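Reading through the structure tokens given below for one structure.
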Amino acid sequence: MIKLDNCEIKFMKKIILVGIILLVLPFFTRADSLGQRADFYVDSSYDLTGRSLITASLKKITPQLYFYIEENWWAFSPQNEIYQALSNLGEEFENKIYPTLTSTFGQEWTPGIDDDQRITVLIHPMKEEAGGYFNSGDEYPKLQVPTSNEREMIYLNANYITDPLVKSLLTHEFLHLITFNQKEKLRGVSEETWLNEARAEYAPTLLGYDDIFEGSNLQRRVKNFLERSHDSLTEWRNEKSDYGVVNLFTQYLVDHYGKEILIDSLHSKKVGIPSSNEALTKNGSDVDFSQIFIDWTIAVLVNDCALGKKYCYLNQNLEDLHVIPSINFLPFTGKSVLTLTDTTKDWSGNWYKFVGGKGNLEFEFEGNSLVEFKIPYVTRDSFGSSTIEFLSLDENQKGEIFISDFGIKNVSLIIIPSIQNKITDFDNFEPSYQFSWSASIVRTQEEAELMKKLLAQIEELKKEIAKVQAEINAILTKKGTRPISCQKFERDLYFGMINSFEVRCLQEFLKSQGADIYPEGLVTGNFLNLTQAAIIRFQEKYSQDILAPWDLEKGTGFFGPKSRAKANKLLGF
């Protein structure tokens, strides 16, 4: 038995005490103090001046949040107003945002890497289009990610702090924090960016922040979507249109299949579309993600529950939403074929509308044989009723649509081609796939013969008119009066007409409208690019009379009934 003297005993007690402190220390939470200054790494692509390191001070502490504000911005800001905004935002987070999102989607990582229950909100000036961001690198130690701030942390644009939209921005970024824990920490997988953003975009709607549409996040996403509606759902390039399409698609998804699809896909070991399909199956759906996407491309066009319960939005703020298709005009007279070659990407919507023409419409589609196209199409009759059908394609991705009495009984056709080939591992730049279509008006043999006779008669009449006009011009010239070649326009004129007396009349008329309409002022009788551009300017100048009745915003270059009526009115007829 070894005996210890008093000095040795005291020394051993000290060692034991230090050991106990070292063991217990990790369980004490770190706490920042009000007024504390700290340096933070920031994302230079978001920062207003491209900085990667800033200094901020702790201006507000709530039970669950630290509000740090970048010092230079704070020094020149209305501080009392911002203090009040932070108090309001803190209360909103404690009482609504945090309990609602965590009870719905699950917890963030807590106490997390910093061993602190509070979440850091860093406020600094960012580029105008940015509301905020989340950096998952902050959840890793500096040994792994040298620019890590080693905190549970989100970033907000200082310019939105006093804006009511800030609640939606905080909600969005906090859901990213939850997603990191639910996917990467608990299940060891990284969520696909588009679905990560889709959940975060829906979160403000879930909390009721989009109920008042004016000034809401939903309103700005509708605008983003309509500006570039053909953007891919799954290719993420961090552009405004990316946020627009994921928001509008997710609104539709939750409208018809419930928020459980977002929740259960988050709690899956799968990511992206496979996790969504798993969630759909779990919730008893008999359709997969691909079919839902196709239904959505129809719904965002027609948005009419009367055509089928899946072809509309249930959110009242979106009941008037309609995507604007690309317009294609078929001439009312003469023979012509419209053709187009275009490209699209996986999970992109495309909408092409055909109007005009008079006869039987023959439409042909040819897609890239490496992928499978899906093509719903919508026809609308003269009574305003719409019909939804699907084009069947052969193994070479070719198919045809034939519509009788087009321009008479049926007034428009809209095709919606899309592909859903790739379902995972999406990148910032996905491949494009080519497709083409042609549309033409075909007539029966009797119609063709009659048209041939009529055209022959018209040519004879044109010769007579030209002869008489020449005589009149000669007489007027002798009398010193400037000859007027433009009379009343009786028929449609269109691109491609050559050596036409009527086109000469049209060009004289356009020239008389001034240099802002027809700066070149050429009178050739040939309806080519310069004439078409002049007509577009004329149509847009008088858009209320010419374009508005067709629900158009841009001129078409086709000198049809509305354009003729306006020109004739200006000529005094």
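Just so we're on the same page: first chain in the structure tokens is A, next is B, and so on; residues restart at 1 for each chain, and ligands are numbered from 1 in the order they show up.
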### Shell around A:Asp342 at 8 Å using only C-alpha atoms, local window under 5 positions removed, as a PyMOL selection string
chain A and resi 434-436
Please, could you write that set of residues out with C-alpha atoms as a PDB file, in the first residue's frame?
```pdb
ATOM      1  CA  GLN A 434     -33.213  19.761 -81.021  1.00  0.00           C
ATOM      2  CA  PHE A 435     -36.721  19.487 -82.407  1.00  0.00           C
ATOM      3  CA  SER A 436     -38.564  20.985 -85.374  1.00  0.00           C
TER       4      SER A 436
END
```
### Task
Write out as a ChimeraX atom specification all residues of stretch 221-338 of chain A that backbone DSSP assigns to alpha helix (DSSP H).
/A:221-227,240-257,260-266,272-282,289-302
### Query
Counting only C-alpha atoms, what is within 9 Å of A:Trp73, bar same-chain residues fewer than 5 positions away, as a PyMOL selection string?
chain A and resi 124-125+158
Output for the residues just chosen: C-alpha atoms as a PDB file, in the first residue's frame:
```
ATOM      1  CA  HIS A 124     -24.822  42.843 -44.938  1.00  0.00           C
ATOM      2  CA  PRO A 125     -25.486  44.756 -48.178  1.00  0.00           C
ATOM      3  CA  ALA A 158     -29.379  44.533 -45.469  1.00  0.00           C
TER       4      ALA A 158
END
```
### Message
If I take atom CA of A:Tyr433 and atom CA of A:Asp346, how far is one from the other in Å, to one decimal?
### Response
8.4 Å
#### Entry: Nearby residues (only C-alpha atoms) at most 12 Å from A:Phe174, same-chain spacing under 2 positions excluded, as a ChimeraX atom specification
/A:65,93,97-102,105-109,119-121,132-136,152-156,167-172,176-181,196-197,199-201,203-204
Selection export as a short mmCIF file (atom, residue, chain, number, x, y, z; two decimals), in the first residue's frame, atoms kept: N, CA and C atoms:
```
data_model
loop_
_atom_site.label_atom_id
_atom_site.label_comp_id
_atom_site.auth_asym_id
_atom_site.auth_seq_id
_atom_site.Cartn_x
_atom_site.Cartn_y
_atom_site.Cartn_z
N LEU A 65 -31.86 33.62 -31.81
CA LEU A 65 -31.13 34.28 -32.88
C LEU A 65 -30.09 35.26 -32.37
N PHE A 93 -39.86 35.15 -35.79
CA PHE A 93 -39.12 33.88 -35.88
C PHE A 93 -39.44 32.98 -34.69
N ILE A 97 -42.17 31.40 -37.37
CA ILE A 97 -41.31 30.75 -38.36
C ILE A 97 -40.68 29.48 -37.80
N TYR A 98 -40.01 29.59 -36.67
CA TYR A 98 -39.30 28.43 -36.11
C TYR A 98 -40.25 27.29 -35.74
N PRO A 99 -41.30 27.54 -34.94
CA PRO A 99 -42.16 26.41 -34.56
C PRO A 99 -42.89 25.77 -35.74
N THR A 100 -43.30 26.59 -36.73
CA THR A 100 -44.03 26.03 -37.87
C THR A 100 -43.13 25.17 -38.75
N LEU A 101 -41.95 25.70 -39.09
CA LEU A 101 -41.07 24.96 -40.00
C LEU A 101 -40.47 23.72 -39.34
N THR A 102 -40.08 23.82 -38.09
CA THR A 102 -39.48 22.64 -37.44
C THR A 102 -40.52 21.56 -37.17
N PHE A 105 -41.09 20.22 -41.04
CA PHE A 105 -39.99 19.60 -41.78
C PHE A 105 -38.93 18.95 -40.90
N GLY A 106 -38.89 19.28 -39.61
CA GLY A 106 -37.88 18.73 -38.73
C GLY A 106 -36.90 19.79 -38.26
N GLN A 107 -36.00 19.40 -37.35
CA GLN A 107 -35.08 20.33 -36.71
C GLN A 107 -33.88 20.68 -37.59
N GLU A 108 -33.31 21.84 -37.33
CA GLU A 108 -31.98 22.16 -37.82
C GLU A 108 -30.96 21.43 -36.92
N TRP A 109 -29.69 21.48 -37.26
CA TRP A 109 -28.66 20.87 -36.42
C TRP A 109 -28.48 21.75 -35.19
N ILE A 119 -29.05 30.66 -33.59
CA ILE A 119 -28.66 30.73 -35.00
C ILE A 119 -28.17 32.14 -35.29
N THR A 120 -27.07 32.25 -36.01
CA THR A 120 -26.53 33.56 -36.37
C THR A 120 -27.15 34.04 -37.68
N VAL A 121 -27.67 35.27 -37.65
CA VAL A 121 -28.16 35.93 -38.86
C VAL A 121 -27.23 37.10 -39.15
N GLY A 132 -30.99 36.84 -49.84
CA GLY A 132 -30.17 36.23 -48.79
C GLY A 132 -29.59 34.94 -49.31
N TYR A 133 -28.86 34.23 -48.45
CA TYR A 133 -28.31 32.95 -48.86
C TYR A 133 -27.93 32.13 -47.63
N PHE A 134 -27.69 30.85 -47.89
CA PHE A 134 -27.21 29.91 -46.87
C PHE A 134 -25.96 29.24 -47.42
N ASN A 135 -24.94 29.10 -46.60
CA ASN A 135 -23.69 28.47 -47.01
C ASN A 135 -23.46 27.24 -46.15
N SER A 136 -23.61 26.07 -46.73
CA SER A 136 -23.45 24.83 -45.96
C SER A 136 -22.02 24.65 -45.46
N GLU A 152 -24.14 27.74 -37.06
CA GLU A 152 -25.42 27.58 -37.74
C GLU A 152 -25.80 28.99 -38.15
N MET A 153 -25.85 29.25 -39.45
CA MET A 153 -25.81 30.64 -39.88
C MET A 153 -26.55 30.84 -41.19
N ILE A 154 -27.23 31.98 -41.32
CA ILE A 154 -27.84 32.39 -42.58
C ILE A 154 -27.53 33.86 -42.81
N TYR A 155 -27.65 34.31 -44.05
CA TYR A 155 -27.27 35.66 -44.45
C TYR A 155 -28.48 36.35 -45.07
N LEU A 156 -28.71 37.62 -44.70
CA LEU A 156 -29.81 38.41 -45.25
C LEU A 156 -29.29 39.70 -45.85
N LYS A 167 -39.54 38.73 -43.85
CA LYS A 167 -40.03 37.52 -43.18
C LYS A 167 -39.95 36.32 -44.12
N SER A 168 -40.31 36.53 -45.37
CA SER A 168 -40.24 35.44 -46.36
C SER A 168 -38.79 35.05 -46.63
N LEU A 169 -37.90 36.04 -46.65
CA LEU A 169 -36.48 35.76 -46.91
C LEU A 169 -35.87 34.95 -45.78
N LEU A 170 -36.18 35.32 -44.53
CA LEU A 170 -35.68 34.57 -43.38
C LEU A 170 -36.24 33.15 -43.38
N THR A 171 -37.52 33.03 -43.71
CA THR A 171 -38.16 31.71 -43.79
C THR A 171 -37.47 30.82 -44.81
N HIS A 172 -37.22 31.38 -45.98
CA HIS A 172 -36.56 30.65 -47.07
C HIS A 172 -35.19 30.12 -46.62
N HIS A 176 -33.34 26.13 -45.59
CA HIS A 176 -32.08 25.55 -46.07
C HIS A 176 -31.28 24.97 -44.90
N LEU A 177 -31.30 25.65 -43.77
CA LEU A 177 -30.59 25.17 -42.59
C LEU A 177 -31.19 23.85 -42.11
N ILE A 178 -32.51 23.77 -42.13
CA ILE A 178 -33.19 22.52 -41.76
C ILE A 178 -32.83 21.41 -42.75
N THR A 179 -32.85 21.74 -44.05
CA THR A 179 -32.56 20.74 -45.08
C THR A 179 -31.16 20.17 -44.91
N PHE A 180 -30.20 21.01 -44.59
CA PHE A 180 -28.83 20.52 -44.38
C PHE A 180 -28.81 19.44 -43.30
N ASN A 181 -29.48 19.67 -42.19
CA ASN A 181 -29.50 18.69 -41.12
C ASN A 181 -30.24 17.43 -41.52
N ASN A 196 -34.13 21.53 -53.27
CA ASN A 196 -33.79 22.28 -52.06
C ASN A 196 -34.42 23.68 -52.14
N GLU A 197 -34.27 24.33 -53.30
CA GLU A 197 -34.83 25.66 -53.49
C GLU A 197 -36.36 25.62 -53.59
N ARG A 199 -38.48 23.67 -51.98
CA ARG A 199 -39.06 23.64 -50.63
C ARG A 199 -38.93 25.01 -49.97
N ALA A 200 -37.75 25.62 -50.10
CA ALA A 200 -37.53 26.92 -49.48
C ALA A 200 -38.44 27.99 -50.09
N GLU A 201 -38.71 27.88 -51.40
CA GLU A 201 -39.60 28.84 -52.05
C GLU A 201 -41.05 28.66 -51.58
N ALA A 203 -41.95 27.64 -48.57
CA ALA A 203 -42.07 27.89 -47.12
C ALA A 203 -42.83 29.19 -46.80
N PRO A 204 -42.58 30.32 -47.48
CA PRO A 204 -43.37 31.53 -47.18
C PRO A 204 -44.86 31.34 -47.43
#
```
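For A:Phe67, the set of protein, DNA and RNA residues having any atom at most 6 Å away, when counting only C-alpha atoms and skipping those fewer than 2 positions along the same chain, is Leu58, Lys59, Lys60 and Val121 of chain A.
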Do you know which residues are at most 8 Å from stretch 388-402 of chain A counting only C-alpha atoms, after dropping those on the same chain fewer than 2 positions away, and could you put them as a PDB file with C-alpha atoms, in the first residue's frame?
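File part.pdb, as written:
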```
ATOM      1  CA  LEU A 307     -61.109  21.135 -68.313  1.00  0.00           C
ATOM      2  CA  ASN A 360     -57.320  22.354 -92.989  1.00  0.00           C
ATOM      3  CA  LEU A 361     -54.265  22.647 -90.748  1.00  0.00           C
ATOM      4  CA  GLU A 362     -51.536  20.068 -91.166  1.00  0.00           C
ATOM      5  CA  PHE A 363     -48.932  20.080 -88.392  1.00  0.00           C
ATOM      6  CA  GLU A 364     -45.809  17.893 -88.381  1.00  0.00           C
ATOM      7  CA  PHE A 365     -43.391  17.411 -85.470  1.00  0.00           C
ATOM      8  CA  GLU A 366     -39.952  15.792 -85.421  1.00  0.00           C
ATOM      9  CA  GLY A 367     -37.860  15.446 -82.272  1.00  0.00           C
ATOM     10  CA  ASN A 368     -34.384  14.166 -81.424  1.00  0.00           C
ATOM     11  CA  SER A 369     -34.559  10.369 -81.495  1.00  0.00           C
ATOM     12  CA  GLU A 372     -38.589  10.858 -75.775  1.00  0.00           C
ATOM     13  CA  PHE A 373     -40.787  13.891 -76.280  1.00  0.00           C
ATOM     14  CA  LYS A 374     -44.201  14.319 -74.687  1.00  0.00           C
ATOM     15  CA  ILE A 375     -46.541  16.655 -76.575  1.00  0.00           C
ATOM     16  CA  PRO A 376     -49.914  17.653 -75.199  1.00  0.00           C
ATOM     17  CA  TYR A 377     -51.790  20.083 -77.422  1.00  0.00           C
ATOM     18  CA  VAL A 378     -54.779  22.353 -76.937  1.00  0.00           C
ATOM     19  CA  THR A 379     -57.268  23.322 -79.640  1.00  0.00           C
ATOM     20  CA  SER A 386     -60.785  24.197 -75.422  1.00  0.00           C
ATOM     21  CA  SER A 404     -60.165  20.560 -90.260  1.00  0.00           C
TER      22      SER A 404
END
```
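Between A:Val246 and the residues A:Asn317, A:Ser512, A:Ser543, A:Thr193, the shortest atom-to-atom distance, using only C-alpha atoms, involves A:Thr193.
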### Query
Pick the closest to A:Ser77 from A:Gln64, A:Asn159, A:Gly521, A:Asp288: which is it, counting only C-alpha atoms?
A:Asn159
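Once A:Asn238 and its same-chain neighbours fewer than 4 positions away are set aside, A:Ser45, A:Tyr46, A:Glu129, A:Ala130, A:Tyr133, A:Thr193, A:Trp194, A:Glu197, A:Asp231, A:Ser232, A:Leu233, A:Thr234, A:Asp242, A:Tyr243, A:Gly244, A:Val245, A:Val246, A:Asp427, A:Asn428, A:Phe429 remain within 12 Å of it when counting only C-alpha atoms.
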